[in-house]
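Down below is the structure, laid out as structure tokens.
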Amino acid sequence: MMGCTQLLLLIPMLLAAEHHSITEAFSLVSTAPAPVRRATTTTLSSTVENFFEQPSQQVVQDDLPTIATAGESQSIQLRSVDKDALINTSIFIIAIATVVTTVLSVDVGITRGWTAEEIALRIPLDNWRSYTNILSMAPIETKAVTSATVYTIGDIIAQKTEGLDIGKLDRGRILRSALAGLIGHGPMSHVWYHVSEDFFDNTLHLHAWWDFVPKVVIDQLVFGPIWNNSYILLLGIMQLQKPGQIFGDMKRSTIPLLISGLKLWPFVHCITYGLIPVENRLLWVDLVE
């Protein structure tokens, strides 16, 4: 009986001890450093990632101004090219429209009842008649405008031959060429052809079929160098070059230009002085140029 009583007293004590052990075990588990290690690992991982990501982001940020600057420069350049192309194209369209309108309206008001064939035949003839009438009334002015027109077209063709797009054509250079024809080649050629004809006809009295030969020789040896150097002088003045530079260019180019001209102009001037009337020689020469 006594032994049963002692056994009953031991059971609560054993249960209490087991409860204490379980509680202590849970306490140890709850205070374990594992979460700390997890947090430390996560922090380290984040630091490493930031270490490698930040330079990349910095490089990208540093590159952005360069990319933006290059894009802005290209955009400005494109706008400039587009603007120049628009200006040049507009000038050409206006000029062409003016010429076409002038040519086609020469017989306006008198073409009633004409057939298409008659109009096509009369327009060139009447334009030529109109040109010769103006030429007889104002020879120097007409020849000046003729040379200015031809020199303008010639310079545009030369720049296009050099590979320039319409937006990159040098308008200043075109204007200088036009002025050289207007104030130089037109008036000077008018005077030269009349002086040359008067000298051979009235001074030397040459009226043979071969009289064009000495005229061609004198033209190449006298008027050719005079005009070439006058052209260089006019361009140099318009470009505000120093006198020493202008005369240096004239000195260096006189003989080469004379030799280069011998490849073409003697043959052209056989027609100029042999077949073309005096008043129309400039127009013929300008068309060849």
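Following the order of the structure tokens, first chain is A, next is B, and so on, with residues numbered from 1 inside each chain and ligands from 1 in the order they appear.
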Quiz item: Contacts of Val222 in chain A at 12 Å or less, counting only C-alpha atoms, minus same-chain residues fewer than 5 places along, as number ranges by chain?
Solution: A: 192, 196, 214-217, 227-229, 254, 258
Mind writing the picked residues with all heavy atoms as a compact mmCIF listing (two decimals), in the first residue's frame?
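So the final result, stored in result_22.txt, reads:
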# COMPACT_ATOMS: atom_id res chain seq x y z
N TRP A 192 35.06 93.09 -127.11
CA TRP A 192 36.12 92.37 -127.82
C TRP A 192 35.68 91.96 -129.22
O TRP A 192 36.44 92.17 -130.19
CB TRP A 192 36.57 91.15 -127.04
CG TRP A 192 37.45 90.25 -127.85
CD1 TRP A 192 37.11 89.07 -128.42
CD2 TRP A 192 38.81 90.49 -128.23
NE1 TRP A 192 38.17 88.53 -129.12
CE2 TRP A 192 39.24 89.41 -129.02
CE3 TRP A 192 39.71 91.53 -127.97
CZ2 TRP A 192 40.51 89.31 -129.56
CZ3 TRP A 192 40.99 91.44 -128.50
CH2 TRP A 192 41.37 90.34 -129.29
N SER A 196 37.59 93.34 -132.42
CA SER A 196 38.28 92.37 -133.26
C SER A 196 37.76 92.41 -134.70
O SER A 196 38.55 92.43 -135.66
CB SER A 196 38.10 90.96 -132.69
OG SER A 196 38.62 89.99 -133.56
N PRO A 214 43.37 83.91 -138.45
CA PRO A 214 44.07 84.86 -137.57
C PRO A 214 43.19 85.38 -136.44
O PRO A 214 43.70 85.70 -135.36
CB PRO A 214 44.48 85.99 -138.53
CG PRO A 214 43.60 85.85 -139.71
CD PRO A 214 43.31 84.40 -139.84
N LYS A 215 41.88 85.45 -136.68
CA LYS A 215 40.99 85.89 -135.60
C LYS A 215 41.01 84.91 -134.44
O LYS A 215 41.01 85.31 -133.26
CB LYS A 215 39.56 86.05 -136.13
CG LYS A 215 39.38 87.16 -137.15
CD LYS A 215 37.95 87.20 -137.67
CE LYS A 215 37.79 88.28 -138.74
NZ LYS A 215 36.42 88.33 -139.29
N VAL A 216 41.04 83.62 -134.77
CA VAL A 216 41.09 82.60 -133.72
C VAL A 216 42.42 82.69 -132.97
O VAL A 216 42.46 82.60 -131.73
CB VAL A 216 40.90 81.19 -134.32
CG1 VAL A 216 41.17 80.12 -133.27
CG2 VAL A 216 39.50 81.05 -134.90
N VAL A 217 43.50 82.87 -133.69
CA VAL A 217 44.83 82.95 -133.06
C VAL A 217 44.90 84.14 -132.11
O VAL A 217 45.35 84.01 -130.95
CB VAL A 217 45.93 83.05 -134.14
CG1 VAL A 217 47.29 83.29 -133.48
CG2 VAL A 217 45.98 81.78 -134.99
N TRP A 227 40.65 87.59 -120.31
CA TRP A 227 39.43 87.21 -119.61
C TRP A 227 39.72 86.26 -118.45
O TRP A 227 39.13 86.39 -117.37
CB TRP A 227 38.42 86.56 -120.55
CG TRP A 227 37.34 85.87 -119.78
CD1 TRP A 227 37.00 84.56 -119.80
CD2 TRP A 227 36.46 86.47 -118.80
NE1 TRP A 227 35.98 84.28 -118.92
CE2 TRP A 227 35.63 85.45 -118.29
CE3 TRP A 227 36.32 87.77 -118.31
CZ2 TRP A 227 34.67 85.68 -117.32
CZ3 TRP A 227 35.36 88.00 -117.32
CH2 TRP A 227 34.55 86.96 -116.85
N ASN A 228 40.61 85.31 -118.61
CA ASN A 228 40.93 84.39 -117.52
C ASN A 228 41.42 85.14 -116.28
O ASN A 228 40.99 84.87 -115.15
CB ASN A 228 41.99 83.38 -117.97
CG ASN A 228 41.44 82.37 -118.97
OD1 ASN A 228 40.23 82.12 -119.02
ND2 ASN A 228 42.31 81.81 -119.78
N ASN A 229 42.31 86.09 -116.48
CA ASN A 229 42.83 86.86 -115.35
C ASN A 229 41.78 87.81 -114.79
O ASN A 229 41.76 88.06 -113.57
CB ASN A 229 44.07 87.64 -115.78
CG ASN A 229 45.28 86.75 -115.96
OD1 ASN A 229 45.53 85.84 -115.17
ND2 ASN A 229 46.05 86.97 -117.02
N THR A 254 47.96 81.62 -115.50
CA THR A 254 47.88 82.18 -116.85
C THR A 254 48.30 81.16 -117.92
O THR A 254 47.54 80.87 -118.86
CB THR A 254 48.74 83.44 -116.97
OG1 THR A 254 48.24 84.45 -116.07
CG2 THR A 254 48.70 83.99 -118.40
N LEU A 258 45.91 78.89 -120.48
CA LEU A 258 46.10 79.10 -121.92
C LEU A 258 46.30 77.76 -122.63
O LEU A 258 45.68 77.50 -123.68
CB LEU A 258 47.30 80.02 -122.16
CG LEU A 258 47.67 80.28 -123.62
CD1 LEU A 258 46.53 80.99 -124.34
CD2 LEU A 258 48.96 81.10 -123.71
Quiz item: Which residues come within 12 Å of Thr142 in chain A, counting only C-alpha atoms, excluding same-chain residues fewer than 4 positions away, as a list in words?
Solution: Ser130, Tyr131, Thr132, Asn133, Ile134, Leu135, Ser136, Met137, Ala138, Thr146, Ser147, Ala148, Thr149, Gly181, Leu182, Ile183, His185, Gly186, Pro187, Ser189, His190, Glu279, Asn280, Leu282 and Leu283 of chain A
Keeping only N, CA and C atoms, write those residues as an mmCIF file, in the first residue's frame.
data_model
loop_
_atom_site.group_PDB
_atom_site.id
_atom_site.type_symbol
_atom_site.label_atom_id
_atom_site.label_comp_id
_atom_site.auth_asym_id
_atom_site.auth_seq_id
_atom_site.Cartn_x
_atom_site.Cartn_y
_atom_site.Cartn_z
ATOM 1 N N SER A 130 12.106 87.777 -130.360
ATOM 2 C CA SER A 130 12.053 88.671 -129.201
ATOM 3 C C SER A 130 13.438 88.920 -128.629
ATOM 4 N N TYR A 131 14.255 87.863 -128.546
ATOM 5 C CA TYR A 131 15.629 88.016 -128.033
ATOM 6 C C TYR A 131 16.450 88.938 -128.913
ATOM 7 N N THR A 132 16.370 88.778 -130.229
ATOM 8 C CA THR A 132 17.163 89.617 -131.134
ATOM 9 C C THR A 132 16.701 91.073 -131.086
ATOM 10 N N ASN A 133 15.387 91.285 -130.873
ATOM 11 C CA ASN A 133 14.907 92.664 -130.745
ATOM 12 C C ASN A 133 15.461 93.334 -129.494
ATOM 13 N N ILE A 134 15.421 92.614 -128.387
ATOM 14 C CA ILE A 134 15.989 93.158 -127.147
ATOM 15 C C ILE A 134 17.493 93.363 -127.291
ATOM 16 N N LEU A 135 18.154 92.427 -127.973
ATOM 17 C CA LEU A 135 19.597 92.525 -128.174
ATOM 18 C C LEU A 135 19.973 93.755 -128.981
ATOM 19 N N SER A 136 19.177 94.079 -129.990
ATOM 20 C CA SER A 136 19.471 95.260 -130.809
ATOM 21 C C SER A 136 19.226 96.563 -130.045
ATOM 22 N N MET A 137 18.263 96.553 -129.138
ATOM 23 C CA MET A 137 17.966 97.761 -128.367
ATOM 24 C C MET A 137 18.925 97.956 -127.191
ATOM 25 N N ALA A 138 19.344 96.882 -126.554
ATOM 26 C CA ALA A 138 20.244 96.975 -125.394
ATOM 27 C C ALA A 138 21.265 95.852 -125.471
ATOM 28 N N THR A 146 22.796 87.408 -120.337
ATOM 29 C CA THR A 146 23.019 86.102 -120.958
ATOM 30 C C THR A 146 24.198 85.391 -120.303
ATOM 31 N N SER A 147 25.299 86.104 -120.150
ATOM 32 C CA SER A 147 26.482 85.495 -119.520
ATOM 33 C C SER A 147 26.225 85.159 -118.056
ATOM 34 N N ALA A 148 25.500 86.026 -117.343
ATOM 35 C CA ALA A 148 25.191 85.743 -115.936
ATOM 36 C C ALA A 148 24.374 84.462 -115.818
ATOM 37 N N THR A 149 23.409 84.293 -116.718
ATOM 38 C CA THR A 149 22.575 83.085 -116.691
ATOM 39 C C THR A 149 23.401 81.838 -116.968
ATOM 40 N N GLY A 181 29.862 86.752 -114.662
ATOM 41 C CA GLY A 181 29.300 86.794 -116.004
ATOM 42 C C GLY A 181 28.595 88.101 -116.289
ATOM 43 N N LEU A 182 27.920 88.646 -115.268
ATOM 44 C CA LEU A 182 27.128 89.869 -115.458
ATOM 45 C C LEU A 182 27.993 91.098 -115.681
ATOM 46 N N ILE A 183 28.988 91.281 -114.827
ATOM 47 C CA ILE A 183 29.786 92.508 -114.911
ATOM 48 C C ILE A 183 31.109 92.298 -115.645
ATOM 49 N N HIS A 185 32.223 88.953 -118.102
ATOM 50 C CA HIS A 185 32.272 88.262 -119.384
ATOM 51 C C HIS A 185 31.338 88.860 -120.425
ATOM 52 N N GLY A 186 30.107 89.190 -120.043
ATOM 53 C CA GLY A 186 29.158 89.743 -121.009
ATOM 54 C C GLY A 186 29.625 91.046 -121.631
ATOM 55 N N PRO A 187 29.852 92.086 -120.830
ATOM 56 C CA PRO A 187 30.310 93.360 -121.394
ATOM 57 C C PRO A 187 31.669 93.276 -122.094
ATOM 58 N N SER A 189 33.100 90.669 -123.540
ATOM 59 C CA SER A 189 32.994 89.942 -124.807
ATOM 60 C C SER A 189 32.334 90.799 -125.880
ATOM 61 N N HIS A 190 31.345 91.577 -125.491
ATOM 62 C CA HIS A 190 30.700 92.484 -126.457
ATOM 63 C C HIS A 190 31.740 93.426 -127.069
ATOM 64 N N GLU A 279 26.914 89.826 -133.422
ATOM 65 C CA GLU A 279 26.012 90.057 -132.298
ATOM 66 C C GLU A 279 25.643 88.766 -131.569
ATOM 67 N N ASN A 280 25.767 87.633 -132.231
ATOM 68 C CA ASN A 280 25.358 86.359 -131.617
ATOM 69 C C ASN A 280 26.538 85.498 -131.176
ATOM 70 N N LEU A 282 28.599 85.913 -128.619
ATOM 71 C CA LEU A 282 28.628 85.684 -127.179
ATOM 72 C C LEU A 282 27.653 84.571 -126.790
ATOM 73 N N LEU A 283 26.462 84.579 -127.359
ATOM 74 C CA LEU A 283 25.485 83.540 -127.042
ATOM 75 C C LEU A 283 26.017 82.164 -127.416
#
Exercise. Tell me, as a PyMOL selection string, which residues lie within 10 Å of Val150 in chain A, counting only C-alpha atoms; anything in the same chain fewer than 5 positions away does not count.
Key: chain A and resi 145+155-156+177-178+181-182+283+285-289
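Taking only C-alpha atoms into account, Ala95 in chain A lies nearest to A:Ile153 out of the set A:Ala158, A:Leu262, A:Ile153, A:Leu169.
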Quiz item: Quick one, how far is CA of Ile166 in chain A from CA of Leu86 in chain A?
Solution: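 Separation of CA of Ile166 in chain A and CA of Leu86 in chain A: 8.9 Å.
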Practice problem: List every residue of range 60-274 of chain A that DSSP, applied to the backbone of this structure, assigns to helix (DSSP H, G or I), and report them as number ranges by chain. | Solution: A: 60-104, 116-137, 139-161, 166-168, 171-203, 212-238, 243-261, 265-274
Quiz item: Between CA of Ser105 in chain A and CA of Tyr151 in chain A, what is the spacing in Å?
Solution: 25.2 Å
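Relative to CA of Tyr231 in chain A, CA of Gly172 in chain A is found at 15.8 Å.
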Quiz item: Can you list, as a list in words, every protein, DNA or RNA residue that comes within 8 Å of range 107-113 of chain A when you count only C-alpha atoms, leaving out same-chain residues fewer than 5 positions away?
Solution: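 Near neighbours after the sequence-gap exclusion: Ile119, Ile123 and Asp126 of chain A.
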Self-check item: Given only C-alpha atoms as the counted atoms, nearest of A:Val100, A:His207, A:Pro243, A:Asp82 to Gly167 in chain A
Solution: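 Selected residue with least distance to Gly167 in chain A: A:Asp82.
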